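Below: model_32.cif (mmCIF, C-alpha atoms and all ligand atoms)
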data_entry
loop_
_atom_site.label_atom_id
_atom_site.label_comp_id
_atom_site.auth_asym_id
_atom_site.auth_seq_id
_atom_site.Cartn_x
_atom_site.Cartn_y
_atom_site.Cartn_z
CA MET A 1 214.16 89.33 58.26
CA ASN A 2 212.59 88.74 54.87
CA ILE A 3 209.15 87.23 54.22
CA LEU A 4 210.42 85.43 51.12
CA ASP A 5 212.87 83.45 53.28
CA VAL A 6 210.12 82.60 55.76
CA ILE A 7 207.83 81.36 52.98
CA ALA A 8 210.65 79.34 51.41
CA LYS A 9 211.49 77.73 54.75
CA LYS A 10 207.94 76.49 55.33
CA ARG A 11 207.59 75.54 51.66
CA ASP A 12 210.65 73.31 52.20
CA ASN A 13 209.02 71.80 55.31
CA GLN A 14 211.35 73.36 57.88
CA LYS A 15 210.39 74.51 61.34
CA LEU A 16 209.82 78.28 61.78
CA THR A 17 211.29 80.08 64.79
CA LYS A 18 209.22 82.11 67.24
CA GLU A 19 210.86 85.28 65.83
CA GLU A 20 209.95 84.36 62.25
CA ILE A 21 206.33 83.69 63.23
CA GLU A 22 206.12 86.98 65.17
CA PHE A 23 207.65 88.83 62.21
CA PHE A 24 205.05 87.37 59.84
CA VAL A 25 202.12 88.10 62.18
CA ASN A 26 203.18 91.66 62.99
CA GLU A 27 204.10 92.70 59.45
CA TYR A 28 201.01 91.10 57.92
CA THR A 29 198.80 92.89 60.46
CA LYS A 30 200.46 96.21 59.59
CA GLY A 31 199.95 95.62 55.87
CA ASN A 32 203.66 95.24 55.07
CA ILE A 33 203.17 91.68 53.82
CA THR A 34 200.74 91.22 50.94
CA ASP A 35 197.76 88.87 50.91
CA TYR A 36 199.43 86.75 48.21
CA GLN A 37 202.58 86.32 50.31
CA ALA A 38 200.49 85.46 53.37
CA ALA A 39 198.45 83.05 51.22
CA ALA A 40 201.63 81.30 50.09
CA LEU A 41 202.85 80.90 53.68
CA VAL A 42 199.46 79.72 54.95
CA MET A 43 199.26 77.17 52.14
CA ALA A 44 202.74 75.91 53.03
CA ILE A 45 201.69 75.62 56.70
CA TYR A 46 198.51 73.82 55.64
CA ILE A 47 200.47 71.29 53.61
CA ASN A 48 203.54 70.83 55.83
CA GLY A 49 201.98 71.51 59.24
CA MET A 50 203.35 73.17 62.35
CA ASP A 51 204.61 71.49 65.52
CA ASP A 52 203.48 72.40 69.05
CA GLU A 53 206.09 75.12 69.55
CA GLU A 54 205.19 76.80 66.26
CA THR A 55 201.46 76.57 67.12
CA VAL A 56 202.04 78.19 70.53
CA ALA A 57 204.13 80.95 68.91
CA LEU A 58 201.44 81.65 66.29
CA THR A 59 198.70 81.73 68.94
CA ILE A 60 200.55 84.13 71.25
CA ALA A 61 201.67 86.37 68.37
CA MET A 62 198.08 86.63 67.06
CA ALA A 63 196.67 87.23 70.56
CA ASN A 64 199.25 90.03 71.03
CA SER A 65 198.59 91.58 67.61
CA GLY A 66 195.98 93.95 69.07
CA GLU A 67 194.41 94.88 72.39
CA MET A 68 193.97 92.40 75.22
CA LEU A 69 190.62 92.87 76.90
CA ASP A 70 190.47 92.87 80.69
CA LEU A 71 187.14 91.48 81.91
CA SER A 72 188.21 90.93 85.52
CA MET A 73 185.73 93.63 86.62
CA PHE A 74 183.01 91.00 85.99
CA GLY A 75 184.36 88.62 88.63
CA LYS A 76 187.01 86.01 89.14
CA ASN A 77 185.44 83.53 86.72
CA VAL A 78 184.54 85.02 83.36
CA VAL A 79 183.40 82.38 80.91
CA ASP A 80 183.35 82.38 77.11
CA LYS A 81 182.31 79.82 74.47
CA HIS A 82 183.30 79.20 70.89
CA SER A 83 182.51 76.63 68.24
CA THR A 84 184.88 75.23 65.66
CA GLY A 85 182.07 75.78 63.18
CA GLY A 86 179.31 73.82 61.62
CA VAL A 87 176.27 73.82 59.38
CA GLY A 88 173.08 75.10 60.96
CA ASP A 89 175.02 76.02 64.10
CA LYS A 90 172.90 78.65 65.83
CA ILE A 91 173.99 77.61 69.33
CA SER A 92 175.54 80.96 70.38
CA LEU A 93 172.36 82.84 69.52
CA ILE A 94 170.38 80.62 71.90
CA LEU A 95 172.92 79.77 74.58
CA LEU A 96 174.39 83.20 75.31
CA PRO A 97 171.10 84.81 76.40
CA ILE A 98 170.36 81.71 78.49
CA ILE A 99 173.68 82.04 80.33
CA ALA A 100 173.24 85.82 80.77
CA SER A 101 169.72 85.26 82.11
CA LEU A 102 171.30 83.13 84.86
CA ASP A 103 173.37 86.12 85.98
CA VAL A 104 176.62 85.00 84.40
CA PRO A 105 178.05 87.96 82.41
CA VAL A 106 178.44 87.27 78.68
CA ALA A 107 180.95 89.40 76.71
CA LYS A 108 181.19 87.53 73.43
CA MET A 109 183.10 88.11 70.25
CA SER A 110 181.92 85.90 67.37
CA GLY A 111 183.00 85.26 63.81
CA ARG A 112 181.55 85.47 60.33
CA GLY A 113 180.90 82.58 57.97
CA LEU A 114 183.95 80.51 57.07
CA GLY A 115 184.19 77.94 54.29
CA PHE A 116 180.95 75.99 54.08
CA THR A 117 180.02 76.94 57.67
CA GLY A 118 177.96 79.94 58.75
CA GLY A 119 178.97 82.58 61.30
CA THR A 120 177.02 83.98 64.25
CA ILE A 121 177.67 87.61 63.31
CA ASP A 122 176.37 87.23 59.75
CA LYS A 123 173.29 85.59 61.25
CA ILE A 124 172.47 88.13 63.96
CA GLU A 125 173.01 91.01 61.53
CA SER A 126 169.93 89.79 59.67
CA ILE A 127 167.92 91.46 62.45
CA PRO A 128 167.53 94.97 60.98
CA GLY A 129 169.58 97.58 62.82
CA TYR A 130 171.68 95.16 64.87
CA ASN A 131 175.15 96.64 65.24
CA ALA A 132 177.92 94.10 65.81
CA SER A 133 180.63 96.73 65.31
CA ILE A 134 180.39 98.74 68.53
CA ASP A 135 183.55 99.92 70.27
CA VAL A 136 185.07 98.39 73.36
CA ASP A 137 183.60 100.93 75.80
CA GLU A 138 180.06 100.33 74.57
CA PHE A 139 180.68 96.57 74.60
CA ILE A 140 181.71 96.67 78.27
CA GLU A 141 178.93 99.14 79.10
CA ASN A 142 176.34 96.77 77.57
CA VAL A 143 177.61 93.86 79.63
CA LYS A 144 177.49 96.00 82.79
CA LYS A 145 173.99 97.24 81.98
CA THR A 146 172.29 94.06 80.76
CA GLY A 147 174.79 91.26 81.38
CA ILE A 148 175.33 90.55 77.68
CA SER A 149 176.93 91.85 74.50
CA LEU A 150 177.65 90.06 71.22
CA ILE A 151 179.99 91.65 68.71
CA GLY A 152 182.03 90.77 65.64
CA GLN A 153 185.79 90.77 65.42
CA THR A 154 185.64 94.53 64.92
CA MET A 155 187.50 95.78 67.94
CA ASN A 156 191.23 95.63 67.78
CA LEU A 157 191.26 92.12 69.28
CA ALA A 158 193.50 89.58 67.57
CA PRO A 159 193.43 91.57 64.28
CA ALA A 160 196.02 89.19 62.82
CA ASP A 161 193.57 86.32 63.19
CA LYS A 162 190.80 88.41 61.65
CA LYS A 163 192.92 88.96 58.50
CA LEU A 164 194.22 85.41 58.36
CA TYR A 165 190.80 83.86 59.02
CA ALA A 166 189.25 85.74 56.09
CA LEU A 167 192.23 84.87 53.89
CA ARG A 168 192.16 81.15 54.76
CA ASP A 169 188.50 81.07 53.86
CA THR A 170 189.21 82.19 50.30
CA ILE A 171 192.18 79.88 49.63
CA SER A 172 190.72 76.58 50.94
CA CYS A 173 193.05 76.53 53.96
CA VAL A 174 190.66 76.31 56.87
CA ALA A 175 190.68 72.67 57.96
CA ASN A 176 194.10 72.44 59.57
CA ILE A 177 194.39 71.58 63.27
CA SER A 178 197.21 74.03 64.13
CA LEU A 179 195.60 76.89 62.21
CA ILE A 180 192.19 76.30 63.79
CA ALA A 181 193.61 75.88 67.31
CA SER A 182 195.69 79.06 67.09
CA SER A 183 192.86 81.02 65.44
CA ILE A 184 190.34 80.14 68.14
CA MET A 185 192.64 80.36 71.14
CA SER A 186 194.29 83.66 70.08
CA LYS A 187 190.84 85.27 69.93
CA LYS A 188 189.76 83.73 73.20
CA ILE A 189 192.96 84.79 74.98
CA ALA A 190 192.61 88.38 73.68
CA ALA A 191 188.89 88.50 74.50
CA GLY A 192 189.54 88.43 78.24
CA ALA A 193 187.63 85.45 79.68
CA ASN A 194 189.62 83.08 81.91
CA LYS A 195 187.26 80.08 81.49
CA ILE A 196 186.45 78.74 78.05
CA VAL A 197 183.99 76.10 76.81
CA LEU A 198 184.61 74.95 73.24
CA ASP A 199 182.13 73.18 71.01
CA VAL A 200 184.40 71.00 68.86
CA THR A 201 182.23 69.84 66.01
CA CYS A 202 182.96 66.54 64.32
CA GLY A 203 181.60 64.90 61.16
CA SER A 204 180.88 65.72 57.53
CA GLY A 205 179.76 69.30 58.29
CA ALA A 206 182.73 70.13 60.50
CA PHE A 207 186.37 70.87 59.77
CA MET A 208 187.25 67.79 61.87
CA LYS A 209 185.80 64.82 60.02
CA THR A 210 186.58 62.14 62.63
CA GLU A 211 186.37 61.84 66.42
CA LYS A 212 190.12 61.15 66.49
CA GLU A 213 190.91 64.49 64.81
CA ALA A 214 188.40 66.29 67.06
CA VAL A 215 190.15 64.88 70.16
CA ILE A 216 193.58 65.99 68.86
CA LEU A 217 192.25 69.51 68.19
CA SER A 218 190.59 69.58 71.63
CA LYS A 219 193.78 68.57 73.43
CA LYS A 220 195.77 71.16 71.51
CA MET A 221 193.35 73.95 72.46
CA ILE A 222 193.22 72.83 76.11
CA GLU A 223 197.04 72.94 76.22
CA LEU A 224 197.13 76.41 74.60
CA GLY A 225 194.58 77.50 77.20
CA ARG A 226 196.69 76.06 80.03
CA LEU A 227 199.79 77.91 78.84
CA ALA A 228 197.80 81.17 78.84
CA ASN A 229 196.11 80.46 82.20
CA ARG A 230 192.67 79.80 80.71
CA GLU A 231 190.80 76.74 81.95
CA THR A 232 189.32 75.12 78.84
CA VAL A 233 186.76 72.32 78.41
CA CYS A 234 185.90 70.86 75.00
CA VAL A 235 182.56 69.24 74.18
CA ILE A 236 182.82 67.18 70.99
CA THR A 237 179.48 67.32 69.17
CA ASN A 238 178.15 65.57 66.10
CA MET A 239 178.06 67.56 62.88
CA ASP A 240 177.42 64.74 60.42
CA GLU A 241 174.05 66.20 59.54
CA PRO A 242 173.15 69.89 60.03
CA LEU A 243 172.24 71.01 63.53
CA GLY A 244 168.53 71.74 63.86
CA TYR A 245 166.45 72.27 60.72
CA ALA A 246 167.41 75.71 59.37
CA VAL A 247 170.57 76.48 57.38
CA GLY A 248 171.06 80.08 56.21
CA ASN A 249 171.31 83.40 57.97
CA ASN A 250 167.88 84.79 58.81
CA LEU A 251 166.41 81.27 58.67
CA GLU A 252 168.69 80.28 61.55
CA VAL A 253 167.86 83.42 63.52
CA ILE A 254 164.19 82.49 63.19
CA GLU A 255 164.95 78.97 64.47
CA ALA A 256 166.96 80.44 67.36
CA ILE A 257 164.07 82.73 68.34
CA GLU A 258 161.64 79.81 68.17
CA SER A 259 164.05 77.78 70.33
CA LEU A 260 164.12 80.53 72.95
CA ASN A 261 160.33 80.36 72.86
CA GLY A 262 160.56 76.71 73.88
CA ASN A 263 160.30 75.17 70.44
CA MET A 264 163.82 73.72 70.21
CA PRO A 265 164.94 70.86 67.93
CA LYS A 266 166.13 67.88 69.99
CA ASP A 267 169.76 67.91 68.77
CA VAL A 268 170.02 71.67 69.37
CA GLU A 269 168.67 71.17 72.88
CA GLU A 270 171.23 68.48 73.69
CA VAL A 271 174.10 70.74 72.63
CA ILE A 272 172.65 73.73 74.51
CA LEU A 273 172.27 71.72 77.71
CA GLU A 274 175.75 70.17 77.61
CA LEU A 275 177.69 73.32 76.69
CA GLY A 276 175.57 75.48 78.97
CA ALA A 277 176.00 73.15 81.94
CA TYR A 278 179.80 73.29 81.56
CA MET A 279 179.72 77.08 81.17
CA LEU A 280 177.78 77.35 84.44
CA LYS A 281 180.22 74.96 86.10
CA LEU A 282 183.27 76.96 85.01
CA ALA A 283 181.51 80.17 86.03
CA GLY A 284 181.36 78.74 89.54
CA ILE A 285 177.55 78.43 89.69
CA SER A 286 177.51 74.70 90.50
CA ASP A 287 179.60 71.60 89.85
CA ASN A 288 176.45 69.57 89.41
CA ILE A 289 175.99 69.22 85.64
CA GLU A 290 172.44 67.82 85.90
CA LYS A 291 171.36 70.66 88.19
CA ASN A 292 172.87 73.18 85.75
CA LYS A 293 170.85 71.62 82.93
CA GLU A 294 167.67 72.07 84.98
CA MET A 295 168.52 75.74 85.51
CA ILE A 296 168.88 76.15 81.76
CA ILE A 297 165.52 74.50 81.08
CA GLU A 298 163.89 76.76 83.66
CA SER A 299 165.38 79.88 82.08
CA ILE A 300 163.82 78.90 78.73
CA GLN A 301 160.45 77.89 80.17
CA SER A 302 160.14 81.10 82.19
CA LYS A 303 161.04 83.20 79.08
CA LYS A 304 163.94 84.74 81.01
CA ALA A 305 166.32 83.73 78.23
CA PHE A 306 163.99 85.03 75.49
CA ASN A 307 163.72 88.40 77.27
CA LYS A 308 167.50 88.54 77.62
CA PHE A 309 167.86 87.98 73.88
CA LYS A 310 165.49 90.90 73.26
CA GLN A 311 167.52 93.09 75.59
CA LEU A 312 170.69 92.15 73.70
CA VAL A 313 169.14 92.99 70.35
CA GLN A 314 167.62 96.26 71.58
CA ASN A 315 170.82 97.43 73.22
CA GLN A 316 172.72 96.99 69.98
CA GLY A 317 170.21 98.87 67.87
CA GLY A 318 168.26 95.87 66.52
CA ASP A 319 164.55 96.05 65.77
CA ILE A 320 162.95 93.83 68.44
CA SER A 321 159.62 93.77 66.64
CA TYR A 322 161.26 91.05 64.48
CA VAL A 323 162.01 89.02 67.61
CA ASP A 324 158.39 89.36 68.73
CA ASP A 325 157.03 88.56 65.28
CA ILE A 326 159.26 86.31 63.17
CA SER A 327 156.93 86.65 60.17
CA LYS A 328 158.47 90.13 59.69
CA PHE A 329 161.78 88.65 58.48
CA GLU A 330 162.24 89.13 54.75
CA LYS A 331 161.71 85.93 52.77
CA ALA A 332 163.47 84.67 49.67
CA LYS A 333 161.55 85.01 46.38
CA TYR A 334 161.32 81.29 45.67
CA ILE A 335 160.53 78.61 48.25
CA ILE A 336 160.97 75.29 46.46
CA PRO A 337 160.05 71.93 48.03
CA VAL A 338 162.36 68.92 47.70
CA THR A 339 160.36 65.68 47.66
CA ALA A 340 161.37 62.08 48.30
CA ASN A 341 161.76 59.93 45.19
CA LYS A 342 161.19 56.74 47.20
CA ALA A 343 159.93 55.51 50.57
CA GLY A 344 162.24 54.43 53.37
CA TYR A 345 164.40 55.85 56.16
CA ILE A 346 166.89 58.71 55.91
CA LYS A 347 170.33 57.17 56.36
CA SER A 348 172.51 60.23 55.81
CA LEU A 349 172.37 63.91 54.96
CA ASN A 350 175.93 65.12 54.42
CA ALA A 351 176.15 68.41 56.32
CA GLU A 352 179.09 69.83 54.37
CA LYS A 353 177.13 69.39 51.12
CA VAL A 354 174.10 71.08 52.70
CA GLY A 355 176.39 73.95 53.75
CA ARG A 356 177.84 74.22 50.24
CA ILE A 357 174.39 74.16 48.61
CA SER A 358 173.29 76.93 50.97
CA GLY A 359 176.51 78.85 50.21
CA ASP A 360 175.89 78.55 46.46
CA LEU A 361 172.42 80.03 46.96
CA GLY A 362 174.19 83.10 48.38
CA ALA A 363 174.30 82.41 52.14
CA GLY A 364 178.13 82.29 52.19
CA ARG A 365 181.10 84.08 50.65
CA ILE A 366 183.51 83.07 47.90
CA LYS A 367 185.65 86.24 48.00
CA LYS A 368 186.23 87.89 51.36
CA GLU A 369 184.51 91.12 50.27
CA ASP A 370 181.37 89.26 49.04
CA LYS A 371 178.06 90.33 50.54
CA ILE A 372 175.92 87.50 51.82
CA ASP A 373 172.22 87.09 51.10
CA GLU A 374 170.53 86.75 54.47
CA THR A 375 167.24 85.33 53.18
CA VAL A 376 168.47 82.26 51.27
CA GLY A 377 169.21 78.77 52.55
CA ILE A 378 167.52 75.50 53.34
CA VAL A 379 164.86 74.44 55.81
CA LEU A 380 165.00 70.70 56.40
CA VAL A 381 161.82 68.82 57.15
CA LYS A 382 163.31 65.32 57.41
CA LYS A 383 166.56 64.36 59.10
CA VAL A 384 168.56 61.19 59.71
CA SER A 385 166.45 58.22 60.97
CA ASP A 386 163.14 59.81 59.88
CA LYS A 387 160.73 57.58 57.96
CA VAL A 388 159.47 58.96 54.63
CA GLU A 389 156.92 57.99 52.03
CA LYS A 390 157.45 58.61 48.32
CA ASN A 391 156.67 62.30 47.49
CA ASP A 392 156.93 63.43 51.13
CA ILE A 393 158.55 66.84 51.49
CA LEU A 394 162.16 66.44 52.65
CA ALA A 395 163.14 70.11 52.74
CA TYR A 396 162.48 73.57 51.31
CA ILE A 397 165.02 75.55 49.30
CA HIS A 398 164.87 79.33 49.87
CA ALA A 399 166.32 81.05 46.79
CA ASN A 400 166.32 84.47 45.17
CA ASP A 401 167.47 83.12 41.81
CA GLU A 402 165.16 80.52 40.26
CA GLU A 403 167.91 78.70 38.37
CA LYS A 404 170.08 78.42 41.47
CA GLY A 405 167.04 77.26 43.42
CA LYS A 406 166.34 74.45 40.92
CA GLN A 407 169.98 73.40 40.96
CA ALA A 408 169.89 73.33 44.78
CA GLN A 409 166.71 71.23 44.65
CA ILE A 410 168.46 68.56 42.55
CA GLU A 411 171.63 68.61 44.65
CA LEU A 412 169.80 68.41 47.97
CA LEU A 413 167.68 65.48 46.82
CA ASN A 414 170.85 63.66 45.72
CA ASN A 415 172.31 64.36 49.15
CA TYR A 416 169.49 62.52 50.95
CA GLU A 417 170.40 58.84 51.26
CA ILE A 418 167.17 56.86 51.71
CA VAL A 419 167.33 53.15 52.59
CA GLU A 420 164.78 50.42 53.31
CA GLN A 421 166.09 49.34 56.75
CA LYS A 422 165.25 51.30 59.89
CA VAL A 423 168.02 53.77 60.86
CA GLU A 424 168.96 54.67 64.45
CA PRO A 425 169.16 58.39 65.34
CA GLN A 426 172.70 59.80 65.62
CA LYS A 427 174.35 60.54 68.93
CA THR A 428 174.67 64.33 69.42
CA ILE A 429 177.18 64.61 72.27
CA ILE A 430 180.21 62.48 71.42
CA GLU A 431 182.76 63.16 74.17
CA ILE A 432 183.87 65.68 76.80
CA VAL A 433 187.60 66.44 76.80
CA LYS A 434 188.98 68.30 79.86
N1 LIG A 501 186.64 79.05 64.06
C1 LIG A 501 187.64 79.95 64.23
O1 LIG A 501 187.51 80.89 64.99
N2 LIG A 501 188.77 79.75 63.56
C2 LIG A 501 188.96 78.73 62.74
O2 LIG A 501 190.02 78.61 62.19
C3 LIG A 501 187.91 77.80 62.56
C4 LIG A 501 186.75 77.98 63.24
#
Output the structure of this file as structure tokens.
Amino acid sequence: MNILDVIAKKRDNQKLTKEEIEFFVNEYTKGNITDYQAAALVMAIYINGMDDEETVALTIAMANSGEMLDLSMFGKNVVDKHSTGGVGDKISLILLPIIASLDVPVAKMSGRGLGFTGGTIDKIESIPGYNASIDVDEFIENVKKTGISLIGQTMNLAPADKKLYALRDTISCVANISLIASSIMSKKIAAGANKIVLDVTCGSGAFMKTEKEAVILSKKMIELGRLANRETVCVITNMDEPLGYAVGNNLEVIEAIESLNGNMPKDVEEVILELGAYMLKLAGISDNIEKNKEMIIESIQSKKAFNKFKQLVQNQGGDISYVDDISKFEKAKYIIPVTANKAGYIKSLNAEKVGRISGDLGAGRIKKEDKIDETVGIVLVKKVSDKVEKNDILAYIHANDEEKGKQAQIELLNNYEIVEQKVEPQKTIIEIVK
């Protein structure tokens, strides 16, 4: 088989066979297909799409491209969660210790930033010393010892997805339903859990811009899960404006720590409660969603979840004095306020633009080898439906380059739509797809 023929076939909008997809995945993983050839094929897939059979073949080939973790030693229901990505999405950092504190084992592999969205691993690495690259034995040992471990895609799990995910990010080929579904489900299948809760984000700051697309993606992932014997539930959540107030790596870790201390933004809390309640249900704790939500609230109020987060950080080499004292986190050189140029109500705050502004400040990557700046980003003060007076502070830009900071200040102000009429708050949980 020849990669040039495979590329040409997809370029000409023909269906690829299972063998052709396996050939591409295996040879690309081994380094026998170049990044530019893979980029050409991915672009052709992005433009011409893949049908269900091709999507299944890509998912299974990527899941089989490395090791398959066996987590059955942790019980008959092992539950995992994943988000399709968003702006200000610090849910995993808060939710995973909550779930572990309720005696449900958490063995979680997370991703890095992609496109205009951030990634949990980039965020947690802003705690000095935190090692997200431990090997599989240590990962399992940590879960046995403390009930939780959070690592990057460093083990040999779905290595094909790891390469393709980073490549897609740098060639503007992320937002495609088949590519996202196979990327997420291949990782989840390889990562060993048999129950999966997916946060399918929807809106301007998500890869799925409409509820209709989010439902299609959800159904596709549920079907991929069914074929691989993984029960999957999707919670469609709003990502029209950023989640919570902080956008940027250590800024989001700070907000996550504050949330675990009981100071949680309302939209973050709604997502935590919904996803968490379904994780507890799939884990076999209780079918009663409302009761599960109460258990989650109790774990935060009692500080059990906060202490579990500290255990996680400590076990993986992180300096927990930062968790105890968030003022220790390094700050950007310039903290620039953005002020309202008129009075009224915030009608919209396009999350993708906020993500891009934060990325331009250095919080994201343009090339896959780029190093991110963990201190930069945006802290919102006002969000959709808030009332503002002229000159009120809308947000703060955290920048290490003054020019970039000033540019971000202008762009963020332009991104706030302020109107005279009262605006209703947005709905956070849109739909549950099972
Ligand atoms: N998250 C993933 O893991 N993969 C994607 O393609 C998009 C979001």
Please indicate the distance in Å from atom C2 of ligand LIG 501 (chain A) to atom CA of Gly248 of chain A, rounded to one decimal place. 19.1 Å
Place a sphere of radius 10 Å on (177.9, 77.0, 60.2) in the file coordinates and name every protein, DNA or RNA residue with an atom inside or on its surface, counting all atoms listed in the file; give the answer as number ranges by chain. A: 83-91, 112-120, 123, 205-206, 239, 242-243, 247-249, 252, 351-352, 355, 364
Using only C-alpha atoms and all ligand atoms: which of A:Ile410, A:Ala228, A:Leu217, A:Ile432 has the shortest distance to ligand LIG 501 (chain A): A:Leu217
Select, from A:Asp122, A:Asp52, A:Asp161, A:Asp135, the residue with the minimum atom-to-atom distance to ligand LIG 501 (chain A), counting all atoms listed in the file.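 Closest candidate: A:Asp161.
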For ligand LIG 501 (chain A), the nearest of the candidates A:Lys144, A:Lys76, A:Lys163, A:Arg168, counting only C-alpha atoms and all ligand atoms: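 Of the candidates, the smallest distance to ligand LIG 501 (chain A) is held by A:Arg168.
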Could you list, as a list of chain:residue names, all residues that come within 8 Å of ligand LIG 501 (chain A)? Count all atoms listed in the file.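 The residues within 8 Å of ligand LIG 501 (chain A), counting all atoms listed in the file, are A:His82, A:Ser83, A:Thr84, A:Gly85, A:Ser110, A:Gly111, A:Leu114, A:Tyr165, A:Val174, A:Ala175, A:Asn176, A:Leu179, A:Ile180, A:Ala181, A:Ser182, A:Ser183, A:Ile184, A:Lys187, A:Phe207.
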Write the residues you've just listed into a file as a compact mmCIF listing (two decimals), in the coordinates of the input, and include C-alpha atoms for each of them.
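Result file follows (part.txt):
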# COMPACT_ATOMS: atom_id res chain seq x y z
CA HIS A 82 183.30 79.20 70.89
CA SER A 83 182.51 76.63 68.24
CA THR A 84 184.88 75.23 65.66
CA GLY A 85 182.07 75.78 63.18
CA SER A 110 181.92 85.90 67.37
CA GLY A 111 183.00 85.26 63.81
CA LEU A 114 183.95 80.51 57.07
CA TYR A 165 190.80 83.86 59.02
CA VAL A 174 190.66 76.31 56.87
CA ALA A 175 190.68 72.67 57.96
CA ASN A 176 194.10 72.44 59.57
CA LEU A 179 195.60 76.89 62.21
CA ILE A 180 192.19 76.30 63.79
CA ALA A 181 193.61 75.88 67.31
CA SER A 182 195.69 79.06 67.09
CA SER A 183 192.86 81.02 65.44
CA ILE A 184 190.34 80.14 68.14
CA LYS A 187 190.84 85.27 69.93
CA PHE A 207 186.37 70.87 59.77
Around (185.1, 86.3, 82.1) in the file's own coordinates, what residues are found within 12 Å if you use only C-alpha atoms, given back as a PDB file with C-alpha atoms, keeping the file's coordinate frame?
ATOM      1  CA  LEU A  69     190.620  92.870  76.900  1.00  0.00           C
ATOM      2  CA  ASP A  70     190.470  92.870  80.690  1.00  0.00           C
ATOM      3  CA  LEU A  71     187.140  91.480  81.910  1.00  0.00           C
ATOM      4  CA  SER A  72     188.210  90.930  85.520  1.00  0.00           C
ATOM      5  CA  MET A  73     185.730  93.630  86.620  1.00  0.00           C
ATOM      6  CA  PHE A  74     183.010  91.000  85.990  1.00  0.00           C
ATOM      7  CA  GLY A  75     184.360  88.620  88.630  1.00  0.00           C
ATOM      8  CA  LYS A  76     187.010  86.010  89.140  1.00  0.00           C
ATOM      9  CA  ASN A  77     185.440  83.530  86.720  1.00  0.00           C
ATOM     10  CA  VAL A  78     184.540  85.020  83.360  1.00  0.00           C
ATOM     11  CA  VAL A  79     183.400  82.380  80.910  1.00  0.00           C
ATOM     12  CA  ASP A  80     183.350  82.380  77.110  1.00  0.00           C
ATOM     13  CA  LYS A  81     182.310  79.820  74.470  1.00  0.00           C
ATOM     14  CA  ALA A 100     173.240  85.820  80.770  1.00  0.00           C
ATOM     15  CA  VAL A 104     176.620  85.000  84.400  1.00  0.00           C
ATOM     16  CA  PRO A 105     178.050  87.960  82.410  1.00  0.00           C
ATOM     17  CA  VAL A 106     178.440  87.270  78.680  1.00  0.00           C
ATOM     18  CA  ALA A 107     180.950  89.400  76.710  1.00  0.00           C
ATOM     19  CA  LYS A 108     181.190  87.530  73.430  1.00  0.00           C
ATOM     20  CA  ILE A 140     181.710  96.670  78.270  1.00  0.00           C
ATOM     21  CA  VAL A 143     177.610  93.860  79.630  1.00  0.00           C
ATOM     22  CA  GLY A 147     174.790  91.260  81.380  1.00  0.00           C
ATOM     23  CA  ILE A 148     175.330  90.550  77.680  1.00  0.00           C
ATOM     24  CA  LYS A 188     189.760  83.730  73.200  1.00  0.00           C
ATOM     25  CA  ILE A 189     192.960  84.790  74.980  1.00  0.00           C
ATOM     26  CA  ALA A 190     192.610  88.380  73.680  1.00  0.00           C
ATOM     27  CA  ALA A 191     188.890  88.500  74.500  1.00  0.00           C
ATOM     28  CA  GLY A 192     189.540  88.430  78.240  1.00  0.00           C
ATOM     29  CA  ALA A 193     187.630  85.450  79.680  1.00  0.00           C
ATOM     30  CA  ASN A 194     189.620  83.080  81.910  1.00  0.00           C
ATOM     31  CA  LYS A 195     187.260  80.080  81.490  1.00  0.00           C
ATOM     32  CA  ILE A 196     186.450  78.740  78.050  1.00  0.00           C
ATOM     33  CA  VAL A 197     183.990  76.100  76.810  1.00  0.00           C
ATOM     34  CA  ARG A 230     192.670  79.800  80.710  1.00  0.00           C
ATOM     35  CA  GLU A 231     190.800  76.740  81.950  1.00  0.00           C
ATOM     36  CA  MET A 279     179.720  77.080  81.170  1.00  0.00           C
ATOM     37  CA  LEU A 280     177.780  77.350  84.440  1.00  0.00           C
ATOM     38  CA  LEU A 282     183.270  76.960  85.010  1.00  0.00           C
ATOM     39  CA  ALA A 283     181.510  80.170  86.030  1.00  0.00           C
ATOM     40  CA  GLY A 284     181.360  78.740  89.540  1.00  0.00           C
TER      41      GLY A 284
END
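Across A:Ile397, A:Val235, A:Val25, A:Met264, the tightest approach to Lys434 of chain A is made by A:Val235 when counting all atoms listed in the file.
In this structure, atom CA of Ala160 of chain A sits 5.4 Å away from atom CA of Met62 of chain A.
From atom CA of Ala44 of chain A back to atom CA of Asn2 of chain A, the distance works out to 16.3 Å.
You can rank A:Ala343, A:Pro97, A:Thr29, A:Asn414 by their closest distance to Gly276 of chain A using only C-alpha atoms, and at the top of that list sits A:Pro97.
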For the contact check between segment 219-278 of chain A and segment 290-314 of chain A, emit one row per residue of segment 219-278 of chain A within 8 Å, containing the shortest atom pair and the distance in Å rounded to one decimal, counting only C-alpha atoms, chain then rising number order, as CSV.
residue,atom,partner,partner_atom,distance
A:Ile257,CA,A:Phe306,CA,7.5
A:Leu260,CA,A:Phe306,CA,5.2
A:Asn261,CA,A:Phe306,CA,6.5
A:Gly262,CA,A:Ile300,CA,6.2
A:Leu273,CA,A:Lys293,CA,5.4
A:Glu274,CA,A:Lys293,CA,7.4
A:Gly276,CA,A:Lys293,CA,7.3
A:Ala277,CA,A:Asn292,CA,4.9
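Distances from A:Ile127, A:Val253, A:Gly31, A:Val56 to Gly225 of chain A were compared using only C-alpha atoms, and the smallest one belongs to A:Val56.
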Residues within 8 Å of Met50 of chain A, please, as a ChimeraX atom specification. Count only C-alpha atoms; anything in the same chain fewer than 4 positions from it doesn't count. /A:15,45,54-55,178
